[in-house]
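Structure record follows, encoded as structure tokens.
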Amino acid sequence: MNPTDYTVPADTRIGHVHLKVSNLEKALDFYCGLLGFELTARYGDQAAFISAGGYHHHIGLNTWYSKGFPPASRDGVGLFHTAILYPSRKDLARIYKRLIDSHYPLSGASDHGVSEAIYLNDPDNNGIELYWDRPKELWPVAEDGSLEMYTRVLNLNGLLTELN
């Protein structure tokens, strides 16, 4: 089989992420209480499914193999981060303001040319990227037509002006 015989359809999306957590209540406090996801299903103290906008689930949380365990090593293999795409820059500014008001620590904030992103960790030290995509016509493009993504410091004060 030739790998160039098939490409994933353009409208394919990543449907959900399922995370192992050490404490389901702490995870729900973070994802629902702080980030604002809605609980759609719960299976006792072992698993929960959460979503935005009524979807069956964007994130699954479970303690099946991880209850009470410490976070995975930063230097080991595993998930780098889960990226949560917000529909607009104003929506990203709203969640950033919520994080500020909650005194929740950030691990970074970047302008990638195609997007602007805020980085933090959940209670189990799983990386989280909260971001919005700039309109495609504003993405930086090199002379050869390829994307010219970069990592620059995100102007967080400028982001907050979206709320004025």
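Chain labels A, B, ... are given in the sequence in which chains occur in the structure tokens; within each chain residues are numbered consecutively from 1, and ligands are likewise numbered from 1 in the order shown.
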
**Request:** May I have the residues within 9 Å of Leu106 (chain A) as a VMD selection string, using only C-alpha atoms and disregarding those fewer than 3 positions away in the same chain?
**Result:** chain A and resid 99 109 118 to 121

**Message:** Give me the residues near Asn164 (chain A) as an NGL selection string, where near means some atom within 12 Å (using only C-alpha atoms) and where sequence neighbours in that chain fewer than 5 positions away do not count.
**Reply:** :A and (90 or 93-94 or 157-159)

Keeping only N, CA and C atoms, write the selected residues as a short mmCIF file (atom, residue, chain, number, x, y, z; two decimals), in the first residue's frame.
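again_14.cif, freshly written:
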```cif
data_model
loop_
_atom_site.label_atom_id
_atom_site.label_comp_id
_atom_site.auth_asym_id
_atom_site.auth_seq_id
_atom_site.Cartn_x
_atom_site.Cartn_y
_atom_site.Cartn_z
N LYS A 90 -12.20 37.48 21.27
CA LYS A 90 -12.93 37.96 22.45
C LYS A 90 -13.20 36.81 23.41
N ALA A 93 -10.09 36.14 25.23
CA ALA A 93 -9.90 37.18 26.24
C ALA A 93 -10.77 36.92 27.47
N ARG A 94 -11.99 36.45 27.26
CA ARG A 94 -12.89 36.16 28.39
C ARG A 94 -12.32 35.07 29.29
N ASN A 157 -1.99 42.12 27.53
CA ASN A 157 -2.76 43.35 27.76
C ASN A 157 -3.56 43.72 26.51
N GLY A 158 -2.97 43.52 25.34
CA GLY A 158 -3.69 43.74 24.10
C GLY A 158 -4.87 42.80 23.95
N LEU A 159 -4.70 41.56 24.39
CA LEU A 159 -5.81 40.60 24.35
C LEU A 159 -6.97 41.09 25.21
#
```

**Request:** Go through A:Asn23, A:Thr63, A:Asn155, A:Thr7 one by one, measure the shortest atom-to-atom distance of each to Asp122 (chain A) using only C-alpha atoms, and give the residue with the smallest value.
**Result:**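 With only C-alpha atoms as the atom set, the closest residue is A:Asn23.
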
**Request:** Return as JSON, numbers by chain the full set of residues in region 24-158 of chain A whose backbone-based DSSP assignment is strand (DSSP E).
**Result:** {"A": [38, 39, 40, 41, 42, 43, 47, 48, 49, 50, 51, 59, 60, 61, 62, 82, 83, 84, 85, 86, 108, 109, 110, 111, 115, 116, 117, 118, 119, 120, 121, 127, 128, 129, 130, 131, 132, 133, 152, 153]}

Let's have the selection written as a CSV table (one decimal), in the first residue's frame, with C-alpha atoms.
```
chain,number,residue,atom,x,y,z
A,38,GLU,CA,-20.6,21.2,30.9
A,39,LEU,CA,-20.9,17.8,32.5
A,40,THR,CA,-22.8,15.5,30.1
A,41,ALA,CA,-22.4,12.1,31.7
A,42,ARG,CA,-20.8,10.7,34.9
A,43,TYR,CA,-19.9,7.2,35.9
A,47,ALA,CA,-15.3,8.8,34.8
A,48,ALA,CA,-17.0,11.8,33.5
A,49,PHE,CA,-17.7,13.3,30.1
A,50,ILE,CA,-17.8,17.0,29.5
A,51,SER,CA,-18.5,19.3,26.5
A,59,ILE,CA,-13.2,15.7,26.9
A,60,GLY,CA,-13.4,12.4,28.8
A,61,LEU,CA,-11.8,12.2,32.3
A,62,ASN,CA,-11.2,8.9,34.1
A,82,THR,CA,-4.8,19.3,24.7
A,83,ALA,CA,-5.7,22.3,22.6
A,84,ILE,CA,-9.1,24.0,23.1
A,85,LEU,CA,-10.1,26.2,20.2
A,86,TYR,CA,-12.2,29.2,21.0
A,108,GLY,CA,3.0,30.6,28.8
A,109,ALA,CA,1.3,32.8,26.2
A,110,SER,CA,2.3,32.9,22.5
A,111,ASP,CA,1.4,34.5,19.2
A,115,SER,CA,-3.2,31.7,16.2
A,116,GLU,CA,-2.9,33.3,19.7
A,117,ALA,CA,-2.6,30.9,22.6
A,118,ILE,CA,-2.5,30.7,26.4
A,119,TYR,CA,-0.9,27.8,28.1
A,120,LEU,CA,-1.6,26.3,31.5
A,121,ASN,CA,-1.6,22.9,33.3
A,127,GLY,CA,-0.8,20.7,29.4
A,128,ILE,CA,-3.7,22.8,28.1
A,129,GLU,CA,-3.6,25.2,25.2
A,130,LEU,CA,-6.5,27.7,25.0
A,131,TYR,CA,-6.4,29.4,21.6
A,132,TRP,CA,-8.2,31.1,18.7
A,133,ASP,CA,-7.3,30.9,15.1
A,152,ARG,CA,6.4,35.2,19.7
A,153,VAL,CA,5.3,36.6,23.1
```

**Asked** Restricting the calculation to only C-alpha atoms, which member of A:His16, A:Lys97, A:His81, A:Arg74 is positioned closest to Ala52 (chain A)?
**Response**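 Once distances to Ala52 (chain A) are computed over only C-alpha atoms, the minimum belongs to A:His16.
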
Which of region 45-97 of chain A end up as alpha helix (DSSP H) when DSSP is run on this backbone - answer as an mmCIF file with C-alpha atoms, in the first residue's frame?
```cif
data_model
loop_
_atom_site.group_PDB
_atom_site.id
_atom_site.type_symbol
_atom_site.label_atom_id
_atom_site.label_comp_id
_atom_site.auth_asym_id
_atom_site.auth_seq_id
_atom_site.Cartn_x
_atom_site.Cartn_y
_atom_site.Cartn_z
ATOM 1 C CA ARG A 89 -10.343 36.453 20.097
ATOM 2 C CA LYS A 90 -12.929 37.964 22.447
ATOM 3 C CA ASP A 91 -13.770 34.477 23.755
ATOM 4 C CA LEU A 92 -10.071 33.846 24.403
ATOM 5 C CA ALA A 93 -9.896 37.181 26.235
ATOM 6 C CA ARG A 94 -12.888 36.164 28.390
ATOM 7 C CA ILE A 95 -11.290 32.907 29.532
ATOM 8 C CA TYR A 96 -7.977 34.690 30.099
ATOM 9 C CA LYS A 97 -9.764 37.231 32.349
#
```

**Request:** For CA of His58 (chain A) and CA of Thr161 (chain A), determine how far apart the two atoms are, in Å to one decimal place.
**Result:**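 CA of Thr161 (chain A) lies at a distance of 29.0 Å from CA of His58 (chain A).
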
**Fill in**
One decimal place gives the CA of Ile100 (chain A)-CA of Pro123 (chain A) separation as 16.7 Å

**Message:** Using only C-alpha atoms, can you tell me which of A:Ala142, A:Cys32, A:Ser88, A:Met149 comes closest to Glu162 (chain A)?
**Reply:**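 Going through A:Ala142, A:Cys32, A:Ser88, A:Met149 one by one, the smallest distance to Glu162 (chain A) is for A:Ser88.
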
**Asked** CA of Phe30 (chain A) and CA of Leu160 (chain A) are how many Å apart?
**Response**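 Computing the Euclidean distance for CA of Phe30 (chain A) and CA of Leu160 (chain A) yields 21.9 Å.
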
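For the choices A:Gly44, A:Gly145, A:Gly33, A:Pro71, the atom-to-atom distance to Val21 (chain A) is smallest for A:Pro71 when using only C-alpha atoms.
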